[in-house]
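The structure file data_31.cif is reproduced below (mmCIF, C-alpha atoms and all ligand atoms).
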data_upload
loop_
_atom_site.label_atom_id
_atom_site.label_comp_id
_atom_site.auth_asym_id
_atom_site.auth_seq_id
_atom_site.Cartn_x
_atom_site.Cartn_y
_atom_site.Cartn_z
CA MET R 142 -7.00 19.89 18.62
CA SER R 143 -8.37 16.56 17.45
CA MET R 144 -8.50 13.48 19.65
CA SER R 145 -5.46 11.93 17.97
CA ASP R 146 -3.10 14.95 18.27
CA GLY R 147 -0.19 13.93 20.44
CA LEU R 148 -0.52 10.23 19.60
CA PRO R 149 2.23 8.39 17.70
CA VAL R 150 1.77 8.55 13.93
CA LEU R 151 0.71 5.64 11.76
CA LEU R 152 1.61 6.41 8.13
CA LEU R 153 -0.29 4.36 5.53
CA VAL R 154 0.74 4.16 1.88
CA HIS R 155 -1.88 3.34 -0.73
CA GLY R 156 -1.72 0.75 -3.51
CA PHE R 157 -2.25 0.83 -7.27
CA PRO R 158 -4.40 2.06 -9.01
CA LEU R 159 -5.80 3.76 -5.95
CA ASP R 160 -5.42 6.75 -3.67
CA ALA R 161 -5.55 7.46 0.04
CA ARG R 162 -9.31 6.97 0.20
CA MET R 163 -8.67 3.24 0.43
CA TRP R 164 -7.58 3.77 4.08
CA GLN R 165 -10.82 5.38 5.31
CA GLY R 166 -11.64 2.31 7.42
CA GLN R 167 -8.28 2.58 9.19
CA VAL R 168 -8.46 6.38 9.58
CA ASP R 169 -11.91 5.96 11.16
CA GLY R 170 -11.07 2.86 13.18
CA LEU R 171 -7.63 3.51 14.68
CA GLY R 172 -7.81 7.18 15.67
CA ASP R 173 -7.96 6.33 19.39
CA ILE R 174 -4.49 4.73 19.34
CA ARG R 175 -2.68 6.54 16.51
CA ARG R 176 -2.71 9.75 14.54
CA VAL R 177 -3.33 8.10 11.17
CA LEU R 178 -1.72 9.88 8.21
CA ALA R 179 -2.79 8.51 4.83
CA PRO R 180 -1.35 10.87 2.23
CA ASP R 181 -1.92 10.66 -1.50
CA LEU R 182 1.26 9.90 -3.38
CA ASP R 183 2.17 12.78 -5.72
CA GLY R 184 0.00 12.77 -8.83
CA HIS R 185 -2.83 10.89 -7.07
CA GLY R 186 -6.04 11.95 -5.36
CA ALA R 187 -5.72 15.32 -3.65
CA ALA R 188 -2.06 15.50 -4.79
CA ARG R 189 -2.98 15.18 -8.48
CA GLY R 190 -1.54 18.63 -9.15
CA ARG R 191 2.00 17.44 -8.38
CA PRO R 192 4.11 15.45 -10.84
CA PRO R 193 3.99 11.73 -9.99
CA SER R 194 7.15 9.83 -9.00
CA SER R 195 8.28 6.99 -11.19
CA SER R 196 10.43 5.21 -8.60
CA VAL R 197 9.56 3.72 -5.22
CA ALA R 198 12.59 5.54 -3.72
CA ASP R 199 11.23 8.91 -4.89
CA MET R 200 7.83 8.01 -3.46
CA ALA R 201 9.56 7.25 -0.13
CA ARG R 202 11.43 10.57 -0.25
CA GLN R 203 8.17 12.36 -0.93
CA LEU R 204 6.65 10.76 2.20
CA ALA R 205 9.69 11.72 4.28
CA ARG R 206 9.30 15.34 3.13
CA HIS R 207 5.63 15.21 4.07
CA LEU R 208 6.54 13.95 7.57
CA ASP R 209 9.16 16.64 7.86
CA GLU R 210 6.56 19.31 7.05
CA GLU R 211 4.30 17.81 9.70
CA GLY R 212 7.14 17.80 12.25
CA VAL R 213 6.97 14.00 12.58
CA GLU R 214 10.26 12.24 13.35
CA ALA R 215 9.25 8.57 13.44
CA VAL R 216 6.23 6.53 12.37
CA ASP R 217 4.59 3.18 12.48
CA LEU R 218 4.63 2.51 8.74
CA GLY R 219 2.16 0.46 6.72
CA GLY R 220 1.50 -0.06 3.04
CA LEU R 221 -0.69 -2.12 0.77
CA SER R 222 0.80 -3.78 -2.28
CA MET R 223 2.58 -0.97 -4.18
CA GLY R 224 2.43 0.87 -0.85
CA GLY R 225 4.36 -2.07 0.64
CA TYR R 226 7.04 -1.69 -2.04
CA VAL R 227 7.28 1.95 -0.97
CA CYS R 228 7.58 0.84 2.69
CA PHE R 229 10.63 -1.26 1.80
CA ALA R 230 12.17 1.73 0.00
CA PHE R 231 11.39 3.99 2.96
CA TYR R 232 12.92 1.52 5.40
CA ARG R 233 16.08 1.36 3.26
CA LEU R 234 16.42 5.14 3.08
CA PHE R 235 15.14 6.22 6.49
CA PRO R 236 15.40 3.27 8.92
CA HIS R 237 15.69 5.64 11.88
CA MET R 238 12.20 6.98 11.09
CA VAL R 239 10.48 3.56 11.18
CA ARG R 240 9.17 2.35 14.54
CA SER R 241 7.32 -0.65 13.11
CA LEU R 242 6.15 -2.09 9.80
CA ALA R 243 2.81 -3.42 8.54
CA LEU R 244 3.18 -5.13 5.16
CA ILE R 245 -0.32 -5.62 3.79
CA ASP R 246 -1.16 -7.68 0.69
CA THR R 247 2.30 -7.08 -0.71
CA ARG R 248 5.48 -8.91 -1.64
CA ALA R 249 9.25 -8.58 -1.26
CA ALA R 250 10.37 -9.96 -4.62
CA ALA R 251 10.97 -7.79 -7.68
CA ASP R 252 8.99 -8.27 -10.90
CA SER R 253 9.86 -11.21 -13.13
CA ASP R 254 10.74 -10.51 -16.78
CA ALA R 255 7.18 -11.39 -17.77
CA GLY R 256 5.89 -9.12 -14.99
CA ARG R 257 7.98 -6.23 -16.32
CA GLU R 258 6.61 -6.75 -19.81
CA GLY R 259 3.12 -6.75 -18.36
CA ARG R 260 3.80 -3.35 -16.76
CA ASP R 261 4.90 -1.89 -20.11
CA GLN R 262 1.90 -3.34 -21.84
CA MET R 263 -0.54 -1.95 -19.28
CA ALA R 264 1.18 1.47 -19.43
CA ALA R 265 0.79 1.51 -23.22
CA GLU R 266 -2.89 0.56 -22.93
CA ILE R 267 -3.50 3.26 -20.32
CA ARG R 268 -1.90 5.79 -22.67
CA ASP R 269 -4.38 4.73 -25.36
CA ARG R 270 -7.53 4.14 -23.36
CA GLY R 271 -7.10 5.77 -19.95
CA SER R 272 -7.48 4.65 -16.36
CA LEU R 273 -10.32 2.31 -17.25
CA VAL R 274 -7.66 -0.19 -18.32
CA ALA R 275 -6.23 -0.40 -14.79
CA ALA R 276 -9.66 -0.47 -13.19
CA ASP R 277 -10.78 -3.32 -15.44
CA ALA R 278 -7.61 -5.30 -14.76
CA MET R 279 -7.55 -4.81 -11.00
CA LEU R 280 -11.16 -4.69 -9.82
CA PRO R 281 -11.79 -8.45 -10.21
CA LYS R 282 -8.78 -9.15 -7.97
CA MET R 283 -9.57 -6.62 -5.26
CA PHE R 284 -12.60 -8.25 -3.63
CA THR R 285 -14.09 -11.66 -2.97
CA GLU R 286 -17.45 -12.40 -4.55
CA ASP R 287 -19.06 -11.73 -1.13
CA ALA R 288 -18.08 -8.04 -1.13
CA PRO R 289 -21.10 -5.70 -1.19
CA GLU R 290 -21.73 -4.16 -4.61
CA ALA R 291 -21.57 -0.67 -3.09
CA VAL R 292 -18.02 -1.30 -1.84
CA ARG R 293 -16.94 -2.63 -5.21
CA LEU R 294 -18.45 0.34 -7.05
CA GLU R 295 -16.84 2.83 -4.69
CA ALA R 296 -13.40 1.31 -5.26
CA GLN R 297 -14.01 1.25 -8.99
CA GLY R 298 -14.78 4.97 -8.80
CA TRP R 299 -11.45 5.66 -7.08
CA MET R 300 -9.63 3.72 -9.79
CA LEU R 301 -11.43 5.49 -12.64
CA GLU R 302 -10.61 8.87 -11.08
CA SER R 303 -6.88 8.08 -10.91
CA PRO R 304 -5.02 10.28 -13.43
CA PRO R 305 -3.59 8.11 -16.25
CA GLU R 306 -0.15 9.78 -15.98
CA ALA R 307 0.02 8.84 -12.26
CA LEU R 308 -0.86 5.22 -13.06
CA ILE R 309 1.78 5.07 -15.78
CA SER R 310 4.39 6.39 -13.33
CA ASP R 311 3.24 3.81 -10.74
CA LEU R 312 3.72 1.04 -13.29
CA MET R 313 7.26 2.24 -14.06
CA ALA R 314 8.03 2.44 -10.33
CA MET R 315 6.73 -1.10 -9.74
CA ARG R 316 8.49 -2.45 -12.83
CA ASP R 317 11.86 -1.10 -11.74
CA ARG R 318 11.61 -1.64 -7.99
CA PRO R 319 14.49 -3.51 -6.39
CA ASN R 320 14.19 -6.98 -4.94
CA SER R 321 13.66 -6.63 -1.19
CA THR R 322 14.03 -10.31 -0.33
CA GLU R 323 17.59 -9.81 0.98
CA LEU R 324 16.40 -6.95 3.17
CA LEU R 325 13.95 -9.12 5.13
CA PRO R 326 16.37 -10.81 7.59
CA SER R 327 17.80 -7.40 8.55
CA ILE R 328 14.47 -5.82 9.44
CA ASP R 329 14.75 -5.12 13.15
CA VAL R 330 11.50 -3.36 13.97
CA PRO R 331 8.26 -5.11 15.02
CA THR R 332 6.59 -6.27 11.79
CA VAL R 333 3.21 -7.67 10.89
CA VAL R 334 2.44 -9.24 7.54
CA ILE R 335 -1.28 -9.07 6.77
CA VAL R 336 -2.88 -10.89 3.85
CA GLY R 337 -6.38 -11.60 2.59
CA ASP R 338 -6.72 -15.38 2.50
CA LYS R 339 -8.13 -15.09 -1.04
CA ASP R 340 -5.66 -12.49 -2.37
CA PRO R 341 -4.86 -13.54 -5.97
CA VAL R 342 -2.29 -10.74 -6.55
CA THR R 343 0.05 -11.27 -3.59
CA PRO R 344 -1.16 -14.66 -2.32
CA PRO R 345 -0.91 -16.00 1.26
CA ALA R 346 2.05 -18.24 0.36
CA GLU R 347 4.14 -15.14 -0.41
CA ALA R 348 3.03 -13.51 2.82
CA GLU R 349 4.00 -16.63 4.78
CA ALA R 350 7.46 -16.69 3.20
CA MET R 351 7.93 -13.00 3.89
CA ALA R 352 6.85 -13.31 7.53
CA ALA R 353 9.14 -16.32 7.98
CA ALA R 354 12.13 -14.35 6.67
CA ILE R 355 11.64 -11.32 8.97
CA PRO R 356 12.88 -11.95 12.52
CA GLY R 357 9.94 -12.11 14.93
CA ALA R 358 7.32 -11.06 12.35
CA ARG R 359 3.71 -11.88 13.00
CA LEU R 360 1.48 -13.20 10.17
CA GLU R 361 -2.21 -12.30 10.12
CA ARG R 362 -4.51 -13.93 7.58
CA ILE R 363 -7.74 -12.07 6.97
CA ALA R 364 -10.58 -14.48 6.28
CA ASN R 365 -12.80 -13.85 3.25
CA ALA R 366 -10.72 -11.03 1.83
CA ALA R 367 -8.93 -10.66 -1.51
CA HIS R 368 -6.29 -8.05 -2.44
CA LEU R 369 -8.00 -5.02 -0.93
CA ALA R 370 -8.41 -6.51 2.55
CA PRO R 371 -8.38 -3.14 4.42
CA VAL R 372 -11.42 -2.06 2.36
CA GLU R 373 -13.29 -5.38 2.27
CA ARG R 374 -12.63 -6.33 5.93
CA PRO R 375 -11.68 -3.09 7.72
CA GLY R 376 -12.66 -4.41 11.16
CA ASP R 377 -10.50 -7.52 10.87
CA VAL R 378 -7.55 -5.59 9.42
CA ASN R 379 -7.89 -3.01 12.20
CA ARG R 380 -7.87 -5.80 14.82
CA ALA R 381 -4.65 -7.15 13.30
CA LEU R 382 -3.13 -3.64 13.26
CA ARG R 383 -4.18 -3.03 16.88
CA ALA R 384 -2.55 -6.27 18.01
CA HIS R 385 0.61 -5.24 16.12
CA LEU R 386 0.66 -1.64 17.36
CA GLY R 387 -0.07 -2.65 20.92
CA SER R 388 2.77 -5.14 21.00
C1 LIG M 401 -1.10 -2.97 -6.09
O1 LIG M 401 -2.14 -3.47 -5.69
O2 LIG M 401 -0.58 -1.96 -5.56
C2 LIG M 401 -0.46 -3.57 -7.32
O3 LIG M 401 -1.36 -4.39 -7.95
C3 LIG M 401 0.73 -4.36 -6.99
C4 LIG M 401 1.37 -4.98 -8.17
O4 LIG M 401 0.81 -4.95 -9.28
O5 LIG M 401 2.48 -5.50 -8.02
#
When written as structure tokens, how does the structure in this file appear?
Amino acid sequence: MSMSDGLPVLLLVHGFPLDARMWQGQVDGLGDIRRVLAPDLDGHGAARGRPPSSSVADMARQLARHLDEEGVEAVDLGGLSMGGYVCFAFYRLFPHMVRSLALIDTRAAADSDAGREGRDQMAAEIRDRGSLVAADAMLPKMFTEDAPEAVRLEAQGWMLESPPEALISDLMAMRDRPNSTELLPSIDVPTVVIVGDKDPVTPPAEAEAMAAAIPGARLERIANAAHLAPVERPGDVNRALRAHLGS
């Protein structure tokens, strides 16, 4: 028995081009109030032996199967960026399993036409040159210039270890994800929108609009954080999650 057995489950979904290791600060920091489950999406991290999903709905179904295997009926659900897109898909498919939502450095809108082309282009480059392409594109956006070099290098390592075929499937899933803007007013579970105040990928203005569209949602800006706020500022993100989960 670990200390968190018997506690409600917090399920955290990782972003691109990452794996579940990005949630270590939350696994370590929230275990007294939740059993924190941070699974690797199929094809990623410890689940690299399984074929990756190329739609956010399939990713959500995979998570529901995982919960089923664990005997978990309902969760507090959180996701970062691509993980947030998966949260929307999960909420659409399994609303009865979602106790609350934490949308972290993510957005509700679908990709623009230019965004979709960018996905195809990155997928083609990853096919040619490997995961380095995604790491090079994303690392500069993940952290502020104040982030310790060791943190940056660790995250770069996670990205470089991501299997290229998983990253290509992620890009297809993000490219084809539905627009979730119309879903926002119907979300009827407690929701927090968390954003790094220097996030260049899903900027604070998008987070504000998303929080404003979800009835009763709370907005938490994390000072001095970019896209990977839970890794750069785990203490501040954990404080925001505690306030949300305690409410
Ligand atoms: C992520 O961080 O998961 C992705 O960058 C999100 C995106 O590209 O839309």
Can you tell me which residues sit at most 6 Å away from ligand LIG 401 (chain M), counting all atoms listed in the file, written as a PyMOL selection string? chain R and resi 156-157+222-223
Against segment 300-313 of chain R, which residues of segment 209-273 of chain R fall within 7 Å? For each one I want the closest pair of atoms and the distance in Å (one decimal), counting all atoms listed in the file, rows by chain and increasing residue number, as JSON lines.
{"residue": "R:Arg260", "atom": "CA", "partner": "R:Leu312", "partner_atom": "CA", "distance": 5.6}
{"residue": "R:Ala264", "atom": "CA", "partner": "R:Ile309", "partner_atom": "CA", "distance": 5.2}
{"residue": "R:Ile267", "atom": "CA", "partner": "R:Pro305", "partner_atom": "CA", "distance": 6.3}
{"residue": "R:Gly271", "atom": "CA", "partner": "R:Pro305", "partner_atom": "CA", "distance": 5.6}
{"residue": "R:Ser272", "atom": "CA", "partner": "R:Pro305", "partner_atom": "CA", "distance": 5.2}
{"residue": "R:Leu273", "atom": "CA", "partner": "R:Leu301", "partner_atom": "CA", "distance": 5.7}
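When atom CA of Gly337 of chain R is paired with atom CA of Ala370 of chain R, their separation reads 5.5 Å.
From atom CA of Ala366 of chain R back to atom CA of Thr285 of chain R, the distance works out to 5.9 Å.
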Who sits within 12 Å of Arg359 of chain R, all atoms listed in the file, same chain under 6 positions skipped, as a PDB file with C-alpha atoms, in the frame of the given file:
ATOM      1  CA  SER R 241       7.320  -0.650  13.110  1.00  0.00           C
ATOM      2  CA  LEU R 242       6.150  -2.090   9.800  1.00  0.00           C
ATOM      3  CA  ALA R 243       2.810  -3.420   8.540  1.00  0.00           C
ATOM      4  CA  LEU R 244       3.180  -5.130   5.160  1.00  0.00           C
ATOM      5  CA  ILE R 245      -0.320  -5.620   3.790  1.00  0.00           C
ATOM      6  CA  VAL R 330      11.500  -3.360  13.970  1.00  0.00           C
ATOM      7  CA  PRO R 331       8.260  -5.110  15.020  1.00  0.00           C
ATOM      8  CA  THR R 332       6.590  -6.270  11.790  1.00  0.00           C
ATOM      9  CA  VAL R 333       3.210  -7.670  10.890  1.00  0.00           C
ATOM     10  CA  VAL R 334       2.440  -9.240   7.540  1.00  0.00           C
ATOM     11  CA  ILE R 335      -1.280  -9.070   6.770  1.00  0.00           C
ATOM     12  CA  VAL R 336      -2.880 -10.890   3.850  1.00  0.00           C
ATOM     13  CA  ALA R 348       3.030 -13.510   2.820  1.00  0.00           C
ATOM     14  CA  GLU R 349       4.000 -16.630   4.780  1.00  0.00           C
ATOM     15  CA  ALA R 350       7.460 -16.690   3.200  1.00  0.00           C
ATOM     16  CA  MET R 351       7.930 -13.000   3.890  1.00  0.00           C
ATOM     17  CA  ALA R 352       6.850 -13.310   7.530  1.00  0.00           C
ATOM     18  CA  ALA R 353       9.140 -16.320   7.980  1.00  0.00           C
ATOM     19  CA  ALA R 381      -4.650  -7.150  13.300  1.00  0.00           C
ATOM     20  CA  LEU R 382      -3.130  -3.640  13.260  1.00  0.00           C
ATOM     21  CA  ALA R 384      -2.550  -6.270  18.010  1.00  0.00           C
ATOM     22  CA  HIS R 385       0.610  -5.240  16.120  1.00  0.00           C
ATOM     23  CA  LEU R 386       0.660  -1.640  17.360  1.00  0.00           C
ATOM     24  CA  SER R 388       2.770  -5.140  21.000  1.00  0.00           C
TER      25      SER R 388
END
In Å, how far is it from atom CA of Asp217 of chain R to atom CA of Ala250 of chain R? 22.3 Å
Ref. answer, residues at most 10 Å from (-1.6, 5.7, -4.9) with all atoms listed in the file, as a ChimeraX atom specification: /R:154-163,180-186,188,193,200,221,223-224,300,303,307-308,311
Kindly indicate which residue among R:Gln262, R:Asn320, R:Gln165, R:Asn365 lies nearest to Asp340 of chain R, using only C-alpha atoms for the distances. R:Asn365
Neighbourhood query: residues within 9 Å of (14.4, -0.2, -4.6), file coordinates, counting all atoms listed in the file; return as a count of residues only. 15
Contacts of Val150 of chain R at 10 Å or less, counting only C-alpha atoms, minus same-chain residues fewer than 2 places along, as a PyMOL selection string? chain R and resi 145-148+152-153+172+174-178+208+213-218+240
Quick one: residues within 7 Å of Val342 of chain R, all atoms listed in the file counted, chain neighbours fewer than 2 positions away excluded, as a PyMOL selection string? chain R and resi 282+340+344+368
Counting all atoms listed in the file, the option among R:Gln297, R:Thr322, R:Ser327, R:Gln203 closest to Leu369 of chain R: R:Gln297
